[in-house]
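**Q** Please find one structure pasted underneath; my questions will follow.
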Amino acid sequence: MMAVFVFLMLMFSTSLNIMRQMIAVAIVFYATRYLFQHRYGMAAFWLFIALMFHYSALIILPFWLFRGTQRYARNVRIIMFSSMVLIFLLGSVFGSIFNSIRELYTQDSGSGDISLRIGLALLRAPIIIPVIIFRKQLVAHDERNYYWIILAIFEVVFSYLGYILDVLNRLSLYFAVSWIVLLPSLVRCMPTRAAQYRMGAYVIIVAAGLWIFNTAISNFGDVLPYQTIFSAHLTGLK
(Lines give C-alpha, C1' and ligand atoms only; values in the text may rest on other atoms or scores of the structure.)
Protein backbone atom coordinates (compact mmCIF):
# COMPACT_ATOMS: atom_id res chain seq x y z
CA MET A 1 0.00 0.00 0.00
CA MET A 2 2.84 2.40 0.86
CA ALA A 3 4.62 1.54 -2.39
CA VAL A 4 1.53 2.47 -4.42
CA PHE A 5 1.27 5.75 -2.52
CA VAL A 6 4.94 6.56 -3.20
CA PHE A 7 4.46 5.81 -6.90
CA LEU A 8 1.37 8.02 -7.16
CA MET A 9 3.06 10.91 -5.35
CA LEU A 10 6.51 10.79 -6.95
CA MET A 11 6.24 9.16 -10.38
CA PHE A 12 2.68 8.97 -11.67
CA SER A 13 2.52 12.54 -12.97
CA THR A 14 5.71 11.93 -14.97
CA SER A 15 4.11 8.90 -16.61
CA LEU A 16 1.41 11.17 -18.06
CA ASN A 17 4.00 13.07 -20.06
CA ILE A 18 6.66 10.66 -21.36
CA MET A 19 4.52 7.55 -21.64
CA ARG A 20 6.74 5.51 -23.95
CA GLN A 21 9.79 5.81 -21.73
CA MET A 22 7.78 5.21 -18.55
CA ILE A 23 6.50 1.96 -20.07
CA ALA A 24 10.13 0.95 -20.56
CA VAL A 25 10.90 1.96 -16.97
CA ALA A 26 8.01 -0.16 -15.71
CA ILE A 27 9.13 -3.18 -17.74
CA VAL A 28 12.71 -2.88 -16.46
CA PHE A 29 11.36 -2.61 -12.93
CA TYR A 30 9.33 -5.78 -13.48
CA ALA A 31 12.31 -7.58 -15.03
CA THR A 32 14.32 -7.06 -11.86
CA ARG A 33 12.34 -9.79 -10.12
CA TYR A 34 13.85 -12.34 -12.51
CA LEU A 35 17.29 -10.91 -11.85
CA PHE A 36 16.86 -11.60 -8.13
CA GLN A 37 15.60 -15.09 -8.93
CA HIS A 38 18.72 -15.71 -11.08
CA ARG A 39 16.50 -16.31 -14.10
CA TYR A 40 18.73 -14.29 -16.36
CA GLY A 41 17.11 -15.44 -19.57
CA MET A 42 13.74 -14.02 -18.53
CA ALA A 43 15.40 -10.82 -17.29
CA ALA A 44 17.14 -10.40 -20.66
CA PHE A 45 13.87 -11.10 -22.49
CA TRP A 46 12.00 -8.37 -20.62
CA LEU A 47 14.91 -5.96 -21.05
CA PHE A 48 14.65 -6.59 -24.80
CA ILE A 49 10.91 -5.82 -24.64
CA ALA A 50 11.70 -2.59 -22.78
CA LEU A 51 14.21 -1.64 -25.49
CA MET A 52 11.44 -1.94 -28.07
CA PHE A 53 9.64 0.90 -26.27
CA HIS A 54 12.70 3.06 -25.50
CA TYR A 55 16.38 2.40 -26.18
CA SER A 56 17.37 4.24 -22.99
CA ALA A 57 16.46 1.10 -21.01
CA LEU A 58 19.94 -0.19 -21.86
CA ILE A 59 21.38 2.12 -19.18
CA ILE A 60 20.34 -0.36 -16.49
CA LEU A 61 22.46 -3.22 -17.89
CA PRO A 62 25.79 -2.26 -16.17
CA PHE A 63 23.98 -2.07 -12.85
CA TRP A 64 22.54 -5.52 -13.39
CA LEU A 65 25.97 -6.92 -14.21
CA PHE A 66 27.80 -5.23 -11.34
CA ARG A 67 25.18 -5.20 -8.60
CA GLY A 68 26.91 -7.54 -6.13
CA THR A 69 29.06 -7.00 -3.06
CA GLN A 70 32.19 -8.46 -4.67
CA ARG A 71 35.25 -6.23 -4.79
CA TYR A 72 35.35 -6.05 -8.59
CA ALA A 73 31.66 -5.03 -8.72
CA ARG A 74 32.20 -2.30 -6.14
CA ASN A 75 35.29 -1.07 -8.00
CA VAL A 76 33.30 -0.80 -11.24
CA ARG A 77 30.55 1.16 -9.48
CA ILE A 78 33.12 3.48 -7.91
CA ILE A 79 34.66 4.10 -11.34
CA MET A 80 31.22 4.83 -12.86
CA PHE A 81 30.26 7.12 -9.97
CA SER A 82 33.59 9.00 -10.07
CA SER A 83 33.38 9.40 -13.84
CA MET A 84 29.89 10.87 -13.61
CA VAL A 85 30.90 13.29 -10.86
CA LEU A 86 33.91 14.32 -12.93
CA ILE A 87 31.66 14.94 -15.94
CA PHE A 88 29.45 17.20 -13.83
CA LEU A 89 32.42 19.13 -12.44
CA LEU A 90 33.91 19.59 -15.89
CA GLY A 91 30.50 20.64 -17.17
CA SER A 92 30.32 23.29 -14.47
CA VAL A 93 33.69 24.67 -15.59
CA PHE A 94 33.28 24.27 -19.35
CA GLY A 95 29.57 25.01 -19.51
CA SER A 96 29.64 26.57 -22.98
CA ILE A 97 30.89 23.32 -24.54
CA PHE A 98 28.09 21.29 -22.98
CA ASN A 99 25.53 23.92 -23.94
CA SER A 100 26.62 23.47 -27.55
CA ILE A 101 26.06 19.72 -27.21
CA ARG A 102 22.67 20.36 -25.61
CA GLU A 103 21.64 22.51 -28.58
CA LEU A 104 22.17 19.49 -30.85
CA TYR A 105 19.64 17.49 -28.81
CA THR A 106 17.11 20.10 -27.71
CA GLN A 107 17.51 23.05 -30.11
CA ASP A 108 17.59 25.16 -26.98
CA SER A 109 20.50 27.42 -26.20
CA GLY A 110 19.82 27.26 -22.48
CA SER A 111 20.91 29.80 -19.92
CA GLY A 112 24.57 28.83 -19.86
CA ASP A 113 24.46 28.26 -16.10
CA ILE A 114 24.95 24.64 -15.15
CA SER A 115 26.66 25.17 -11.82
CA LEU A 116 25.72 23.17 -8.72
CA ARG A 117 21.97 23.36 -8.01
CA ILE A 118 21.21 23.45 -4.30
CA GLY A 119 17.48 23.12 -5.01
CA LEU A 120 17.84 19.59 -6.36
CA ALA A 121 19.84 18.59 -3.29
CA LEU A 122 17.04 19.91 -1.06
CA LEU A 123 14.46 17.88 -2.99
CA ARG A 124 16.50 14.66 -2.85
CA ALA A 125 17.77 15.00 0.72
CA PRO A 126 14.52 13.84 2.44
CA ILE A 127 14.69 10.63 0.38
CA ILE A 128 18.36 9.77 0.17
CA ILE A 129 19.50 10.76 3.69
CA PRO A 130 17.26 8.27 5.58
CA VAL A 131 18.19 5.59 3.04
CA ILE A 132 21.89 6.14 3.73
CA ILE A 133 21.44 6.39 7.50
CA PHE A 134 19.41 3.17 7.72
CA ARG A 135 21.19 1.31 4.89
CA LYS A 136 22.37 -1.50 7.18
CA GLN A 137 18.86 -2.04 8.55
CA LEU A 138 17.46 -2.02 5.02
CA VAL A 139 19.89 -4.69 3.84
CA ALA A 140 19.36 -6.76 7.00
CA HIS A 141 15.61 -6.60 6.40
CA ASP A 142 15.98 -7.68 2.76
CA GLU A 143 19.33 -8.20 1.06
CA ARG A 144 17.81 -7.14 -2.27
CA ASN A 145 17.66 -3.61 -0.89
CA TYR A 146 21.43 -3.43 -1.46
CA TYR A 147 20.70 -3.18 -5.19
CA TRP A 148 17.98 -0.57 -4.72
CA ILE A 149 20.26 1.57 -2.53
CA ILE A 150 22.82 1.60 -5.34
CA LEU A 151 20.16 2.79 -7.77
CA ALA A 152 18.95 5.49 -5.36
CA ILE A 153 22.47 6.92 -5.09
CA PHE A 154 23.03 6.93 -8.84
CA GLU A 155 19.62 8.55 -9.36
CA VAL A 156 20.94 11.68 -7.66
CA VAL A 157 24.03 11.71 -9.91
CA PHE A 158 22.00 11.27 -13.10
CA SER A 159 19.63 14.03 -12.01
CA TYR A 160 22.53 16.43 -11.54
CA LEU A 161 24.00 15.44 -14.89
CA GLY A 162 20.64 16.44 -16.37
CA TYR A 163 21.77 20.03 -15.95
CA ILE A 164 24.43 19.31 -18.58
CA LEU A 165 22.39 17.13 -20.95
CA ASP A 166 18.62 16.86 -20.57
CA VAL A 167 18.62 13.27 -21.78
CA LEU A 168 20.66 12.23 -18.73
CA ASN A 169 17.95 13.57 -16.44
CA ARG A 170 15.43 11.28 -18.13
CA LEU A 171 17.76 8.33 -17.60
CA SER A 172 17.45 8.91 -13.86
CA LEU A 173 13.89 7.55 -14.04
CA TYR A 174 15.26 4.00 -14.29
CA PHE A 175 16.92 4.58 -10.93
CA ALA A 176 14.10 6.55 -9.30
CA VAL A 177 11.97 3.39 -9.16
CA SER A 178 14.15 2.43 -6.18
CA TRP A 179 12.06 4.88 -4.15
CA ILE A 180 9.02 2.62 -4.60
CA VAL A 181 10.90 -0.15 -2.80
CA LEU A 182 13.12 1.69 -0.34
CA LEU A 183 10.69 4.16 1.20
CA PRO A 184 8.19 1.46 2.28
CA SER A 185 11.12 -0.70 3.38
CA LEU A 186 12.27 2.10 5.67
CA VAL A 187 9.01 1.65 7.54
CA ARG A 188 9.22 -2.14 7.68
CA CYS A 189 12.84 -2.25 8.88
CA MET A 190 12.22 -0.14 11.97
CA PRO A 191 12.71 -2.22 15.17
CA THR A 192 9.54 -1.22 17.06
CA ARG A 193 5.94 -0.52 16.17
CA ALA A 194 6.26 3.07 17.42
CA ALA A 195 9.33 3.63 15.22
CA GLN A 196 7.43 2.21 12.25
CA TYR A 197 4.58 4.66 12.82
CA ARG A 198 7.04 7.56 13.03
CA MET A 199 8.87 6.51 9.87
CA GLY A 200 5.56 5.88 8.10
CA ALA A 201 4.39 9.38 8.96
CA TYR A 202 7.72 10.77 7.72
CA VAL A 203 7.46 8.93 4.38
CA ILE A 204 3.87 10.12 3.87
CA ILE A 205 4.77 13.74 4.65
CA VAL A 206 7.82 13.67 2.37
CA ALA A 207 6.01 12.03 -0.55
CA ALA A 208 2.98 14.31 -0.25
CA GLY A 209 5.19 17.37 0.17
CA LEU A 210 7.22 16.56 -2.93
CA TRP A 211 4.02 16.00 -4.92
CA ILE A 212 2.67 19.38 -3.82
CA PHE A 213 5.89 21.14 -4.80
CA ASN A 214 6.65 19.27 -8.03
CA THR A 215 3.12 18.86 -9.39
CA ALA A 216 0.70 21.26 -7.71
CA ILE A 217 3.05 24.25 -7.39
CA SER A 218 5.73 23.80 -10.08
CA ASN A 219 3.52 21.75 -12.46
CA PHE A 220 6.60 19.83 -13.54
CA GLY A 221 6.15 18.52 -17.06
CA ASP A 222 2.96 20.59 -17.53
CA VAL A 223 0.77 17.61 -16.67
CA LEU A 224 -1.94 19.48 -14.75
CA PRO A 225 -4.77 20.73 -17.01
CA TYR A 226 -5.26 23.90 -14.99
CA GLN A 227 -3.37 26.79 -13.46
CA THR A 228 -2.87 27.04 -9.72
CA ILE A 229 -2.64 30.28 -7.79
CA PHE A 230 1.13 29.83 -7.95
CA SER A 231 1.26 29.90 -11.75
CA ALA A 232 -1.62 32.25 -12.56
CA HIS A 233 -0.78 35.69 -13.97
CA LEU A 234 -3.05 38.35 -12.53
CA THR A 235 -3.88 41.37 -14.66
CA GLY A 236 -1.78 44.39 -13.71
CA LEU A 237 0.60 42.35 -11.55
CA LYS A 238 4.07 41.15 -12.48
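Every chain in the C-alpha coordinates has a letter given in the order shown (A, B, ...), and although residue numbers restart at 1 in each chain, ligands are simply numbered from 1 in the order shown.
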Extract, using only C-alpha atoms, all DNA, RNA and protein residues at most 8 Å from region 167-177 of chain A, discarding same-chain residues fewer than 3 positions from it, and format them as a ChimeraX atom specification.

**A** /A:22,25,28-29,56-57,59-60,151-152,154-156,158-163,180-181

**Q** My list of candidates is A:Tyr197, A:Ala207, A:Ala26, A:Gln70. Which is closest to His54 (chain A) when distances are computed with only C-alpha atoms?

**A** A:Ala26

**Q** Mind checking which residues fall within 8 Å of region 211-214 of chain A, counting only C-alpha atoms, ignoring those fewer than 6 positions away in the same chain, and posting them as an NGL selection string?

**A** :A and (9-10 or 220)

**Q** For region 40-42 of chain A, please output as a list of chain:residue names all residues within 12 Å (counting only C-alpha atoms; exclusion window: fewer than 3 positions along the same chain).

**A** A:Ile27, A:Val28, A:Tyr30, A:Ala31, A:Thr32, A:Arg33, A:Tyr34, A:Leu35, A:Phe36, A:Gln37, A:Phe45, A:Trp46, A:Leu47, A:Phe48, A:Ile49, A:Leu61, A:Trp64, A:Leu65

**Q** Between CA of Ile150 (chain A) and CA of Met84 (chain A), what is the spacing in Å?

**A**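 Interatomic distance, CA of Met84 (chain A) to CA of Ile150 (chain A): 14.3 Å.
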
**Q** Rounded to one decimal in Å, what is the spacing between CA of Leu123 (chain A) and CA of Ile217 (chain A)?

**A**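 Here the two named atoms are 13.8 Å from each other.
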
**Q** Could you check the closest approach to Arg67 (chain A) for each of A:Arg144, A:Trp179, A:Thr215, A:Val206 and tell me which residue wins, using only C-alpha atoms?

**A**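 Once distances to Arg67 (chain A) are computed over only C-alpha atoms, the minimum belongs to A:Arg144.
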